[in-house]
>>> print(open('target_7.cif').read())   # mmCIF, C-alpha atoms
data_structure
loop_
_atom_site.label_atom_id
_atom_site.label_comp_id
_atom_site.auth_asym_id
_atom_site.auth_seq_id
_atom_site.Cartn_x
_atom_site.Cartn_y
_atom_site.Cartn_z
CA MET J 21 89.17 145.10 81.92
CA LEU J 22 87.45 144.53 78.58
CA LEU J 23 84.27 143.71 80.43
CA LEU J 24 84.39 147.02 82.25
CA LEU J 25 84.84 148.95 79.01
CA LEU J 26 81.98 147.17 77.30
CA ALA J 27 79.59 147.46 80.17
CA GLN J 28 77.33 150.44 80.41
CA PRO J 29 76.84 152.05 83.80
CA ALA J 30 74.02 150.11 85.38
CA ARG J 31 70.91 152.08 86.13
CA GLY J 32 72.59 155.49 85.77
CA GLN J 33 69.53 157.26 87.06
CA ASP J 34 69.43 155.24 90.23
CA THR J 35 71.89 156.42 92.85
CA LEU J 36 70.88 153.80 95.39
CA ARG J 37 72.79 150.54 95.72
CA THR J 38 71.28 147.17 96.30
CA TYR J 39 72.87 144.75 98.72
CA GLY J 40 72.54 141.04 99.09
CA PRO J 41 74.29 137.74 98.54
CA ARG J 42 75.53 136.88 95.08
CA ILE J 43 75.28 133.33 93.86
CA GLY J 44 77.21 132.22 90.84
CA ILE J 45 78.54 129.44 88.69
CA ASP J 46 81.95 129.03 87.10
CA LEU J 47 81.47 128.83 83.34
CA ALA J 48 85.13 127.89 82.85
CA ARG J 49 84.35 124.38 84.13
CA PHE J 50 82.44 123.77 80.89
CA GLY J 51 85.73 124.43 79.10
CA TYR J 52 86.83 120.91 80.10
CA LEU J 53 84.65 119.70 77.22
CA PHE J 54 87.19 121.26 74.86
CA THR J 55 90.45 121.34 76.82
CA ASP J 56 90.36 118.01 78.71
CA PRO J 57 87.33 115.77 78.06
CA ARG J 58 88.55 113.36 80.74
CA GLN J 59 87.54 115.90 83.37
CA VAL J 60 84.09 116.73 84.69
CA GLY J 61 83.50 119.68 86.96
CA ALA J 62 80.97 122.10 88.36
CA GLU J 63 81.51 124.99 90.75
CA PHE J 64 79.22 127.35 92.59
CA SER J 65 80.05 130.47 94.54
CA LEU J 66 78.46 132.70 97.14
CA ASP J 67 79.69 136.12 98.19
CA ALA J 68 78.35 139.33 99.67
CA GLU J 69 79.66 142.82 100.35
CA ILE J 70 79.27 142.73 104.10
CA TYR J 71 81.65 145.67 104.60
CA PRO J 72 82.41 148.39 102.04
CA ASP J 73 84.51 146.79 99.26
CA ILE J 74 85.05 143.55 101.21
CA TYR J 75 83.43 140.36 99.88
CA PRO J 76 83.72 137.18 101.93
CA VAL J 77 83.54 134.27 99.47
CA VAL J 78 82.58 130.62 99.61
CA GLU J 79 83.20 128.47 96.54
CA ALA J 80 82.30 124.80 96.33
CA GLY J 81 82.34 122.24 93.60
CA TYR J 82 82.92 118.78 92.24
CA ASN J 83 85.75 117.66 90.00
CA SER J 84 86.74 114.32 88.56
CA ILE J 85 89.12 112.81 86.05
CA SER J 86 89.19 109.35 84.57
CA GLY J 87 91.72 107.76 82.31
CA GLY J 88 94.47 110.03 83.52
CA GLY J 89 97.03 107.24 83.70
CA GLY J 90 99.21 106.22 80.79
CA SER J 91 99.79 102.46 80.97
CA PHE J 92 97.25 101.92 83.76
CA ASP J 93 93.68 102.86 84.66
CA TYR J 94 93.30 105.88 86.88
CA ALA J 95 90.46 107.95 88.31
CA SER J 96 90.18 110.72 90.89
CA SER J 97 87.02 112.44 92.07
CA GLY J 98 85.68 114.42 94.97
CA MET J 99 84.23 117.59 96.43
CA TYR J 100 86.05 120.75 97.36
CA ALA J 101 85.44 124.11 98.97
CA ARG J 102 87.29 127.39 99.16
CA LEU J 103 86.85 130.03 101.84
CA GLY J 104 88.26 133.51 101.60
CA ALA J 105 87.59 137.13 100.77
CA ASP J 106 87.99 139.60 97.93
CA TYR J 107 88.79 143.28 98.25
CA ASN J 108 87.46 145.70 95.65
CA LEU J 109 90.29 147.88 94.37
CA LEU J 110 88.02 149.93 92.11
CA PRO J 111 86.88 153.16 93.72
CA ALA J 112 83.17 153.68 93.11
CA LYS J 113 82.63 157.01 91.39
CA GLU J 114 78.95 156.46 91.39
CA LYS J 115 77.11 154.58 94.06
CA SER J 116 74.96 152.66 91.61
CA ILE J 117 77.91 151.11 89.73
CA HIS J 118 78.74 147.70 91.03
CA HIS J 119 81.74 146.83 88.86
CA SER J 120 84.79 145.63 90.70
CA ILE J 121 88.45 144.82 90.29
CA THR J 122 89.31 142.51 93.12
CA ALA J 123 92.26 140.94 94.82
CA GLY J 124 91.70 138.17 97.31
CA ILE J 125 92.90 135.12 99.10
CA ARG J 126 91.43 131.65 99.51
CA TYR J 127 91.97 128.58 101.62
CA GLY J 128 90.95 125.45 99.75
CA VAL J 129 90.20 121.97 101.00
CA SER J 130 89.34 118.91 98.94
CA PHE J 131 87.93 115.58 100.10
CA PHE J 132 88.46 113.04 97.36
CA SER J 133 89.45 109.52 96.49
CA HIS J 134 91.72 108.25 93.78
CA ARG J 135 92.29 104.79 92.48
CA ALA J 136 94.47 102.98 90.00
CA GLY J 137 93.93 99.64 88.32
CA ARG J 138 95.56 97.39 85.76
CA ILE J 139 98.92 98.16 87.39
CA VAL J 140 101.86 96.29 85.93
CA ILE J 141 105.20 96.11 87.71
CA GLN J 142 107.74 95.31 85.04
CA SER J 143 110.48 92.79 85.69
CA ASP J 144 112.51 91.52 82.78
CA TYR J 145 113.96 88.70 84.89
CA TRP J 146 111.13 87.45 87.13
CA GLY J 147 108.29 88.32 84.82
CA ASP J 148 105.81 91.18 85.02
CA TYR J 149 103.65 91.34 88.14
CA MET J 150 100.04 92.54 87.93
CA LEU J 151 98.69 94.41 90.93
CA ASP J 152 94.97 94.14 91.60
CA SER J 153 94.14 97.73 92.42
CA TYR J 154 95.17 100.69 94.50
CA SER J 155 92.87 103.24 96.15
CA ARG J 156 93.13 105.89 98.83
CA LYS J 157 90.85 108.49 100.39
CA LEU J 158 92.71 111.78 100.65
CA THR J 159 92.36 115.36 101.82
CA GLY J 160 94.14 118.17 100.02
CA HIS J 161 94.82 121.66 101.36
CA TRP J 162 95.96 124.70 99.44
CA LEU J 163 96.09 128.49 99.40
CA GLU J 164 95.18 130.78 96.52
CA LEU J 165 95.89 134.35 95.56
CA ALA J 166 93.08 135.55 93.31
CA GLY J 167 92.66 138.60 91.13
CA GLY J 168 89.83 139.42 88.78
CA VAL J 169 87.15 141.62 87.36
CA LYS J 170 83.37 141.57 87.67
CA THR J 171 80.92 143.87 85.97
CA GLU J 172 77.18 144.30 86.27
CA LEU J 173 75.84 143.63 82.79
CA ALA J 174 72.19 144.01 83.81
CA ALA J 175 70.43 144.71 87.05
CA ASN J 176 71.99 142.37 89.63
CA LEU J 177 73.51 140.16 86.91
CA PHE J 178 77.31 140.01 86.94
CA LEU J 179 79.89 138.56 84.61
CA GLY J 180 83.58 138.40 85.29
CA TRP J 181 86.75 136.38 85.46
CA SER J 182 89.50 135.68 87.90
CA VAL J 183 92.96 134.17 87.76
CA ARG J 184 94.43 132.31 90.68
CA TYR J 185 97.91 131.38 91.83
CA LYS J 186 97.73 128.22 93.91
CA ILE J 187 100.09 126.80 96.50
CA LEU J 188 99.57 123.19 97.59
CA ILE J 189 100.14 122.85 101.33
CA ASN J 190 100.39 119.05 101.55
CA PRO J 191 101.92 117.70 98.31
CA GLU J 192 102.92 114.50 100.16
CA MET J 193 99.30 113.55 100.88
CA ASP J 194 99.92 110.19 99.19
CA PRO J 195 103.63 109.29 98.97
CA GLN J 196 102.90 106.15 96.95
CA VAL J 197 100.75 107.66 94.20
CA THR J 198 100.76 111.40 93.64
CA PRO J 199 97.20 112.36 92.66
CA ARG J 200 96.68 113.22 89.02
CA LEU J 201 93.93 115.57 90.12
CA VAL J 202 93.23 117.23 93.47
CA PRO J 203 89.66 118.47 92.89
CA GLY J 204 89.56 122.25 93.07
CA TYR J 205 93.34 122.56 92.98
CA GLY J 206 94.53 120.79 89.86
CA PRO J 207 97.33 118.29 89.24
CA GLY J 208 98.81 117.06 92.51
CA THR J 209 102.12 116.60 90.69
CA GLY J 210 102.73 120.35 90.92
CA GLN J 211 103.22 122.20 94.21
CA ARG J 212 102.32 125.46 92.47
CA GLY J 213 99.64 126.03 89.89
CA PHE J 214 97.40 128.50 88.15
CA GLY J 215 93.65 128.52 87.74
CA PHE J 216 91.09 130.47 85.80
CA SER J 217 87.43 131.05 86.53
CA TYR J 218 84.73 132.72 84.47
CA HIS J 219 81.92 133.85 86.74
CA LEU J 220 78.24 134.34 86.04
CA MET J 221 76.58 135.69 89.18
CA TYR J 222 73.22 136.93 90.32
CA LYS J 223 72.78 139.20 93.30
CA ILE J 224 69.66 138.72 95.38
CA PRO J 225 68.61 142.31 96.11
CA LEU J 226 67.69 142.16 99.77
CA LEU J 227 68.54 145.76 100.73
CA LYS J 228 68.54 149.07 98.90
CA LYS J 229 70.21 152.08 100.42
CA MET N 1 82.19 137.75 74.65
CA LEU N 2 85.56 136.62 73.54
CA VAL N 3 86.78 133.30 74.68
CA LEU N 4 90.31 132.35 73.78
CA LEU N 5 91.32 128.78 74.30
CA ILE N 6 94.94 127.84 74.02
CA SER N 7 95.97 124.25 74.35
CA CYS N 8 99.28 122.48 74.08
CA VAL N 9 99.83 118.86 73.12
CA THR N 10 103.04 117.22 74.26
CA GLN N 11 104.38 113.75 73.62
CA ASP N 12 105.15 112.05 76.94
CA ILE N 13 108.21 109.82 76.83
CA CYS N 14 109.46 107.87 79.84
CA ASP N 15 113.18 108.31 80.37
CA GLU N 16 113.35 106.81 83.86
CA ASP N 17 114.18 103.26 84.93
CA ASN N 18 111.13 101.45 86.31
CA GLN N 19 112.81 98.27 87.55
CA SER N 20 114.29 98.14 91.04
CA GLU N 21 117.65 96.39 91.46
CA LEU N 22 119.53 95.39 94.58
CA VAL N 23 123.17 96.45 94.62
CA VAL N 24 125.47 93.88 96.22
CA LYS N 25 129.03 94.97 96.94
CA PHE N 26 131.81 92.41 97.44
CA LYS N 27 134.01 92.98 100.48
CA THR N 28 136.81 91.45 102.50
CA GLY N 29 137.44 91.97 106.18
CA SER N 30 134.69 92.84 108.64
CA LEU N 31 131.85 95.35 108.82
CA THR N 32 134.00 97.84 110.73
CA ASN N 33 137.08 97.19 108.61
CA ALA N 34 135.76 96.40 105.16
CA ALA N 35 137.67 96.67 101.90
CA ASP N 36 136.42 96.46 98.34
CA THR N 37 137.43 93.37 96.40
CA ILE N 38 137.07 92.06 92.88
CA ILE N 39 135.95 88.45 92.60
CA ALA N 40 136.82 86.50 89.47
CA ASP N 41 134.72 83.85 87.75
CA VAL N 42 131.38 84.87 89.29
CA THR N 43 128.24 83.27 87.92
CA VAL N 44 124.84 84.31 89.32
CA TYR N 45 121.31 83.23 88.55
CA GLY N 46 117.94 83.44 90.27
CA ILE N 47 115.89 80.45 91.40
CA ARG N 48 112.64 80.97 89.53
CA GLU N 49 109.68 78.65 90.01
CA GLY N 50 108.57 77.04 86.79
CA LYS N 51 111.22 78.73 84.72
CA THR N 52 114.59 77.66 83.42
CA ASP N 53 117.73 79.14 84.92
CA SER N 54 118.80 82.34 83.28
CA LEU N 55 122.23 83.72 84.09
CA LEU N 56 122.51 87.23 85.44
CA TYR N 57 126.32 87.06 85.46
CA ASP N 58 128.38 84.48 83.60
CA ALA N 59 131.97 83.93 84.77
CA ALA N 60 132.43 87.64 85.33
CA SER N 61 135.12 89.47 87.28
CA VAL N 62 133.17 91.99 89.35
CA SER N 63 133.32 94.02 92.55
CA ARG N 64 129.55 94.42 92.69
CA ILE N 65 126.47 92.82 91.19
CA LEU N 66 122.97 94.13 90.55
CA LEU N 67 120.18 91.69 91.40
CA PRO N 68 116.55 92.14 90.37
CA LEU N 69 114.18 91.24 93.22
CA ASP N 70 110.99 89.27 92.63
CA PRO N 71 108.02 91.72 92.65
CA GLY N 72 105.50 88.88 92.97
CA HIS N 73 106.85 87.26 96.14
CA GLY N 74 108.18 88.18 99.56
CA ALA N 75 111.57 86.58 98.97
CA SER N 76 114.09 86.23 96.16
CA HIS N 77 116.66 83.44 95.93
CA PHE N 78 119.87 83.41 93.97
CA VAL N 79 122.74 81.03 93.37
CA CYS N 80 126.21 82.51 93.35
CA ARG N 81 128.90 80.21 91.91
CA ILE N 82 132.56 81.10 92.30
CA ASN N 83 135.33 78.78 91.18
CA ASP N 84 133.03 75.73 91.08
CA GLN N 85 131.72 76.36 94.58
CA SER N 86 128.17 77.61 95.00
CA ASP N 87 126.29 79.49 97.69
CA THR N 88 122.57 80.08 97.82
CA ILE N 89 121.45 83.55 98.89
CA GLY N 90 117.91 84.19 100.12
CA ILE N 91 116.64 87.73 100.56
CA GLY N 92 113.36 88.39 102.38
CA HIS N 93 111.63 91.62 101.41
CA ASP N 94 108.36 93.52 101.78
CA ASN N 95 106.97 94.90 98.54
CA GLU N 96 105.20 98.20 98.04
CA ALA N 97 104.15 99.51 94.65
CA TYR N 98 104.65 103.20 93.99
CA LEU N 99 104.11 105.53 91.10
CA ILE N 100 107.23 106.82 89.39
CA SER N 101 105.28 109.16 87.12
CA TYR N 102 102.14 109.10 85.02
CA THR N 103 104.36 108.63 81.98
CA CYS N 104 106.52 105.82 83.34
CA GLY N 105 103.92 104.02 85.46
CA PHE N 106 104.56 102.00 88.61
CA ALA N 107 107.64 100.38 90.11
CA MET N 108 108.18 98.29 93.23
CA MET N 109 109.73 99.59 96.42
CA PHE N 110 111.41 96.71 98.26
CA HIS N 111 112.17 96.82 101.97
CA ILE N 112 114.76 94.17 102.85
CA ARG N 113 113.86 92.29 106.01
CA GLU N 114 116.58 89.67 106.16
CA ILE N 115 119.27 87.85 104.24
CA HIS N 116 120.31 84.19 104.50
CA HIS N 117 123.08 82.35 102.72
CA THR N 118 125.13 79.21 102.73
CA THR N 119 128.81 79.54 103.64
CA HIS N 120 130.82 77.60 101.08
CA VAL N 121 132.45 80.71 99.66
CA ILE N 122 130.60 83.55 101.35
CA SER N 123 131.74 84.43 104.86
CA HIS N 124 128.84 86.65 105.90
CA ALA N 125 126.48 89.33 104.61
CA GLU N 126 125.20 92.62 105.96
CA VAL N 127 122.27 94.80 104.95
CA ILE N 128 123.61 98.33 104.51
CA GLU N 129 120.53 100.02 103.03
CA SER N 130 117.20 98.27 103.34
CA GLN N 131 115.17 100.30 100.86
CA VAL N 132 115.47 99.39 97.19
CA ASP N 133 113.66 101.48 94.60
CA ALA N 134 113.89 102.08 90.87
CA GLU N 135 115.97 105.20 91.21
CA LEU N 136 119.50 103.85 91.43
CA LEU N 137 121.81 106.50 92.81
CA LYS N 138 125.52 106.64 92.09
CA ASP N 139 127.47 104.66 94.69
CA GLU N 140 124.23 103.21 96.15
CA GLU N 141 124.87 99.92 97.98
CA HIS N 142 122.28 97.74 99.69
CA ILE N 143 124.12 94.62 100.79
CA TRP N 144 127.76 93.84 101.49
CA ILE N 145 128.87 90.24 100.99
CA PHE N 146 132.13 89.29 102.64
CA PHE N 147 134.54 86.60 101.40
#
>>> encode(input="target_7.cif", output="structure tokens")
Amino acid sequence: MLLLLLAQPARGQDTLRTYGPRIGIDLARFGYLFTDPRQVGAEFSLDAEIYPDIYPVVEAGYNSISGGGGSFDYASSGMYARLGADYNLLPAKEKSIHHSITAGIRYGVSFFSHRAGRIVIQSDYWGDYMLDSYSRKLTGHWLELAGGVKTELAANLFLGWSVRYKILINPEMDPQVTPRLVPGYGPGTGQRGFGFSYHLMYKIPLLKK
Amino acid sequence: MLVLLISCVTQDICDEDNQSELVVKFKTGSLTNAADTIIADVTVYGIREGKTDSLLYDAASVSRILLPLDPGHGASHFVCRINDQSDTIGIGHDNEAYLISYTCGFAMMFHIREIHHTTHVISHAEVIESQVDAELLKDEEHIWIFF
């Protein structure tokens, strides 16, 4: 909401709207540098207002973690994609204003691999047993409810955020080793989770009407 | 642009057992008509290659014993001595490592395939529950040994 208050109406003299696909990046992924340096991530998005106030969305990215294990080596990495749509709840008082408050849903899928090494099975009686390594290729599925704000700071340039409530569909994807990270979803140890994205987007102005 | 970062740091402490133990219950009678029994003067130790014998139970009076299985091999062998008579018990098992938690690390899941024993004191043995993991439930029993 703060973004909407700070933003000036874009091109107040222009009552025509431009239409086209918006491409964006998630700036929140750079926050890993401060919140969890073990993680690396990048995410891109593509949406477009194909019907009034309805924005089909595709989001895709890469996410990895290394060193997530305590007494053992661990790494998880892979690609992910989310498909869904946002609905703009903000009634447009002026055609030229492109701000939005959205609610939406997503289906997410992640193709990733995780591996553990330096595994020690403790046995006080027989002696500790060292396991060579463990690795699996996995697919994760989840659903998201998303809500957020986007505002047009300059012509066709948008900034906004969204929060997401996530529901993991297949938490038993690896019964032996629950993934420390399901790329795009978060820790596989939780069947519910929250996410935050900070969007910087540019709209390619293909149509004006 | 205001960016507020809130982070929490917690100290992870493992409070779960990470060693899997086989629960052996002592019985009299038969599988369909079994009764609990307490056996006196029970001494148990594992047969460990290249290591000296180390007693798991020493002249104890017990109705059940907990036996650690060998995570590095597909079988574990024990000697059970009762009143100066000994039986050797061999337990064949498949081993599968699994993660308890990222704090506690890995443990071994054992799947019991078979059990063999000599019959000086022991009458027979039955596998009741073939899966042995590190989470030992109350009243969990894996093998009944009959006398």
>>> closest_atom_pairs(input="target_7.cif", of="chain J", to="chain N", cutoff="8 Å", atoms="all atoms listed in the file", output="CSV")
residue,atom,partner,partner_atom,distance
J:Thr55,CA,N:Ser7,CA,6.7
J:Gly88,CA,N:Tyr102,CA,7.9
J:Gly89,CA,N:Tyr102,CA,5.6
J:Gly90,CA,N:Thr103,CA,5.8
J:Ser91,CA,N:Gly105,CA,6.3
J:Phe92,CA,N:Gly105,CA,7.2
J:Ile139,CA,N:Phe106,CA,6.9
J:Val140,CA,N:Phe106,CA,6.9
J:Ile141,CA,N:Ala107,CA,5.5
J:Gln142,CA,N:Gln19,CA,6.4
J:Ser143,CA,N:Gln19,CA,6.2
J:Tyr145,CA,N:Pro68,CA,7.0
J:Trp146,CA,N:Asp70,CA,5.8
J:Asp148,CA,N:Pro71,CA,8.0
J:Tyr149,CA,N:Gly72,CA,5.7
J:Pro195,CA,N:Tyr98,CA,7.9
J:Gln196,CA,N:Tyr98,CA,4.5
J:Val197,CA,N:Leu99,CA,5.0
J:Thr198,CA,N:Leu99,CA,7.2
J:Arg200,CA,N:Tyr102,CA,7.9
>>> write_last_selection(input="target_7.cif", atoms="C-alpha atoms", output="CSV table (one decimal), keeping the file's coordinate frame")
chain,number,residue,atom,x,y,z
J,55,THR,CA,90.4,121.3,76.8
J,88,GLY,CA,94.5,110.0,83.5
J,89,GLY,CA,97.0,107.2,83.7
J,90,GLY,CA,99.2,106.2,80.8
J,91,SER,CA,99.8,102.5,81.0
J,92,PHE,CA,97.2,101.9,83.8
J,139,ILE,CA,98.9,98.2,87.4
J,140,VAL,CA,101.9,96.3,85.9
J,141,ILE,CA,105.2,96.1,87.7
J,142,GLN,CA,107.7,95.3,85.0
J,143,SER,CA,110.5,92.8,85.7
J,145,TYR,CA,114.0,88.7,84.9
J,146,TRP,CA,111.1,87.4,87.1
J,148,ASP,CA,105.8,91.2,85.0
J,149,TYR,CA,103.6,91.3,88.1
J,195,PRO,CA,103.6,109.3,99.0
J,196,GLN,CA,102.9,106.2,97.0
J,197,VAL,CA,100.8,107.7,94.2
J,198,THR,CA,100.8,111.4,93.6
J,200,ARG,CA,96.7,113.2,89.0
>>> residues_near_point(input="target_7.cif", point="(91.0, 101.1, 86.0)", cutoff="6 Å", atoms="all atoms listed in the file", output="JSON, numbers by chain")
{"J": [93, 94, 136, 137, 138]}
>>> write_last_selection(input="target_7.cif", atoms="C-alpha atoms", output="PDB file, in the coordinates of the input")
ATOM      1  CA  ASP J  93      93.680 102.860  84.660  1.00  0.00           C
ATOM      2  CA  TYR J  94      93.300 105.880  86.880  1.00  0.00           C
ATOM      3  CA  ALA J 136      94.470 102.980  90.000  1.00  0.00           C
ATOM      4  CA  GLY J 137      93.930  99.640  88.320  1.00  0.00           C
ATOM      5  CA  ARG J 138      95.560  97.390  85.760  1.00  0.00           C
TER       6      ARG J 138
END
>>> atom_distance(input="target_7.cif", atom1="atom CA of J:Phe214", atom2="atom CA of J:Arg49")
14.3 Å
>>> resolve_selection(input="target_7.cif", expression="the PyMOL selection byres ((chain J and resi 79) around 9)", output="JSON, numbers by chain")
{"J": [63, 64, 65, 66, 67, 77, 78, 80, 81, 100, 101, 102, 103, 104, 128]}
>>> write_last_selection(input="target_7.cif", atoms="C-alpha atoms", output="PDB file, in the coordinates of the input")
ATOM      1  CA  GLU J  63      81.510 124.990  90.750  1.00  0.00           C
ATOM      2  CA  PHE J  64      79.220 127.350  92.590  1.00  0.00           C
ATOM      3  CA  SER J  65      80.050 130.470  94.540  1.00  0.00           C
ATOM      4  CA  LEU J  66      78.460 132.700  97.140  1.00  0.00           C
ATOM      5  CA  ASP J  67      79.690 136.120  98.190  1.00  0.00           C
ATOM      6  CA  VAL J  77      83.540 134.270  99.470  1.00  0.00           C
ATOM      7  CA  VAL J  78      82.580 130.620  99.610  1.00  0.00           C
ATOM      8  CA  ALA J  80      82.300 124.800  96.330  1.00  0.00           C
ATOM      9  CA  GLY J  81      82.340 122.240  93.600  1.00  0.00           C
ATOM     10  CA  TYR J 100      86.050 120.750  97.360  1.00  0.00           C
ATOM     11  CA  ALA J 101      85.440 124.110  98.970  1.00  0.00           C
ATOM     12  CA  ARG J 102      87.290 127.390  99.160  1.00  0.00           C
ATOM     13  CA  LEU J 103      86.850 130.030 101.840  1.00  0.00           C
ATOM     14  CA  GLY J 104      88.260 133.510 101.600  1.00  0.00           C
ATOM     15  CA  GLY J 128      90.950 125.450  99.750  1.00  0.00           C
TER      16      GLY J 128
END
>>> atom_distance(input="target_7.cif", atom1="atom CA of N:Ile39", atom2="atom CA of N:Phe26")
7.5 Å
>>> resolve_selection(input="target_7.cif", expression="the PyMOL selection byres ((chain N and resi 117) around 7)", output="number ranges by chain")
N: 87-90, 115-116, 118-119
>>> closest_residue(input="target_7.cif", among="N:Ile145, N:Thr52, N:Gly29, N:His111", to="N:Gly74", atoms="only C-alpha atoms")
N:His111
>>> resolve_selection(input="target_7.cif", expression="the PyMOL selection byres ((chain J and resi 224) around 6)", output="ChimeraX atom specification")
/J:40-41,223,225-226
>>> axis_aligned_box(input="target_7.cif", around="stretch 44-52 of chain N", padding_each_side="6 Å", output="lines of an AutoDock Vina configuration file")
center_x = 116.7
center_y = 80.7
center_z = 87.4
size_x = 28.3
size_y = 19.3
size_z = 20.0
>>> residues_near_point(input="target_7.cif", point="(86.2, 117.3, 83.9)", cutoff="9 Å", atoms="only C-alpha atoms", output="ChimeraX atom specification")
/J:49-53,56-62,83-86
>>> atom_distance(input="target_7.cif", atom1="atom CA of J:Gly206", atom2="atom CA of J:Tyr75")
24.6 Å
>>> closest_residue(input="target_7.cif", among="N:Asp84, N:Asp133, N:Val24, N:His93", to="N:Val62", atoms="only C-alpha atoms")
N:Val24
>>> build_atoms(input="target_7.cif", residues="stretch 14-26 of chain N", atoms="N, CA, C and O atoms", output="PDB file, in the frame of the given file")
ATOM      1  N   CYS N  14     108.851 108.254  78.562  1.00  0.00           N
ATOM      2  CA  CYS N  14     109.460 107.870  79.840  1.00  0.00           C
ATOM      3  C   CYS N  14     110.963 107.706  79.655  1.00  0.00           C
ATOM      4  O   CYS N  14     111.408 106.924  78.822  1.00  0.00           O
ATOM      5  N   ASP N  15     111.724 108.452  80.431  1.00  0.00           N
ATOM      6  CA  ASP N  15     113.180 108.310  80.370  1.00  0.00           C
ATOM      7  C   ASP N  15     113.736 107.903  81.728  1.00  0.00           C
ATOM      8  O   ASP N  15     114.896 108.160  82.037  1.00  0.00           O
ATOM      9  N   GLU N  16     112.885 107.270  82.552  1.00  0.00           N
ATOM     10  CA  GLU N  16     113.350 106.810  83.860  1.00  0.00           C
ATOM     11  C   GLU N  16     113.280 105.292  83.937  1.00  0.00           C
ATOM     12  O   GLU N  16     112.434 104.675  83.291  1.00  0.00           O
ATOM     13  N   ASP N  17     114.182 104.709  84.734  1.00  0.00           N
ATOM     14  CA  ASP N  17     114.180 103.260  84.930  1.00  0.00           C
ATOM     15  C   ASP N  17     112.998 102.893  85.825  1.00  0.00           C
ATOM     16  O   ASP N  17     112.746 103.557  86.822  1.00  0.00           O
ATOM     17  N   ASN N  18     112.268 101.841  85.477  1.00  0.00           N
ATOM     18  CA  ASN N  18     111.130 101.450  86.310  1.00  0.00           C
ATOM     19  C   ASN N  18     111.309 100.057  86.908  1.00  0.00           C
ATOM     20  O   ASN N  18     110.338  99.444  87.342  1.00  0.00           O
ATOM     21  N   GLN N  19     112.558  99.556  86.918  1.00  0.00           N
ATOM     22  CA  GLN N  19     112.810  98.270  87.550  1.00  0.00           C
ATOM     23  C   GLN N  19     113.840  98.455  88.664  1.00  0.00           C
ATOM     24  O   GLN N  19     114.907  99.030  88.459  1.00  0.00           O
ATOM     25  N   SER N  20     113.456  97.952  89.838  1.00  0.00           N
ATOM     26  CA  SER N  20     114.290  98.140  91.040  1.00  0.00           C
ATOM     27  C   SER N  20     115.326  97.025  91.132  1.00  0.00           C
ATOM     28  O   SER N  20     114.984  95.845  91.013  1.00  0.00           O
ATOM     29  N   GLU N  21     116.574  97.390  91.370  1.00  0.00           N
ATOM     30  CA  GLU N  21     117.650  96.390  91.460  1.00  0.00           C
ATOM     31  C   GLU N  21     118.423  96.568  92.765  1.00  0.00           C
ATOM     32  O   GLU N  21     118.711  97.692  93.200  1.00  0.00           O
ATOM     33  N   LEU N  22     118.734  95.432  93.350  1.00  0.00           N
ATOM     34  CA  LEU N  22     119.530  95.390  94.580  1.00  0.00           C
ATOM     35  C   LEU N  22     121.008  95.452  94.214  1.00  0.00           C
ATOM     36  O   LEU N  22     121.462  94.702  93.347  1.00  0.00           O
ATOM     37  N   VAL N  23     121.737  96.331  94.879  1.00  0.00           N
ATOM     38  CA  VAL N  23     123.170  96.450  94.620  1.00  0.00           C
ATOM     39  C   VAL N  23     123.929  95.698  95.710  1.00  0.00           C
ATOM     40  O   VAL N  23     123.812  96.023  96.897  1.00  0.00           O
ATOM     41  N   VAL N  24     124.674  94.684  95.295  1.00  0.00           N
ATOM     42  CA  VAL N  24     125.470  93.880  96.220  1.00  0.00           C
ATOM     43  C   VAL N  24     126.938  94.188  95.985  1.00  0.00           C
ATOM     44  O   VAL N  24     127.430  94.069  94.859  1.00  0.00           O
ATOM     45  N   LYS N  25     127.607  94.610  97.035  1.00  0.00           N
ATOM     46  CA  LYS N  25     129.030  94.970  96.940  1.00  0.00           C
ATOM     47  C   LYS N  25     129.850  93.854  97.580  1.00  0.00           C
ATOM     48  O   LYS N  25     129.517  93.360  98.664  1.00  0.00           O
ATOM     49  N   PHE N  26     130.936  93.462  96.918  1.00  0.00           N
ATOM     50  CA  PHE N  26     131.810  92.410  97.440  1.00  0.00           C
ATOM     51  C   PHE N  26     132.884  93.038  98.325  1.00  0.00           C
ATOM     52  O   PHE N  26     133.512  94.032  97.940  1.00  0.00           O
TER      53      PHE N  26
END
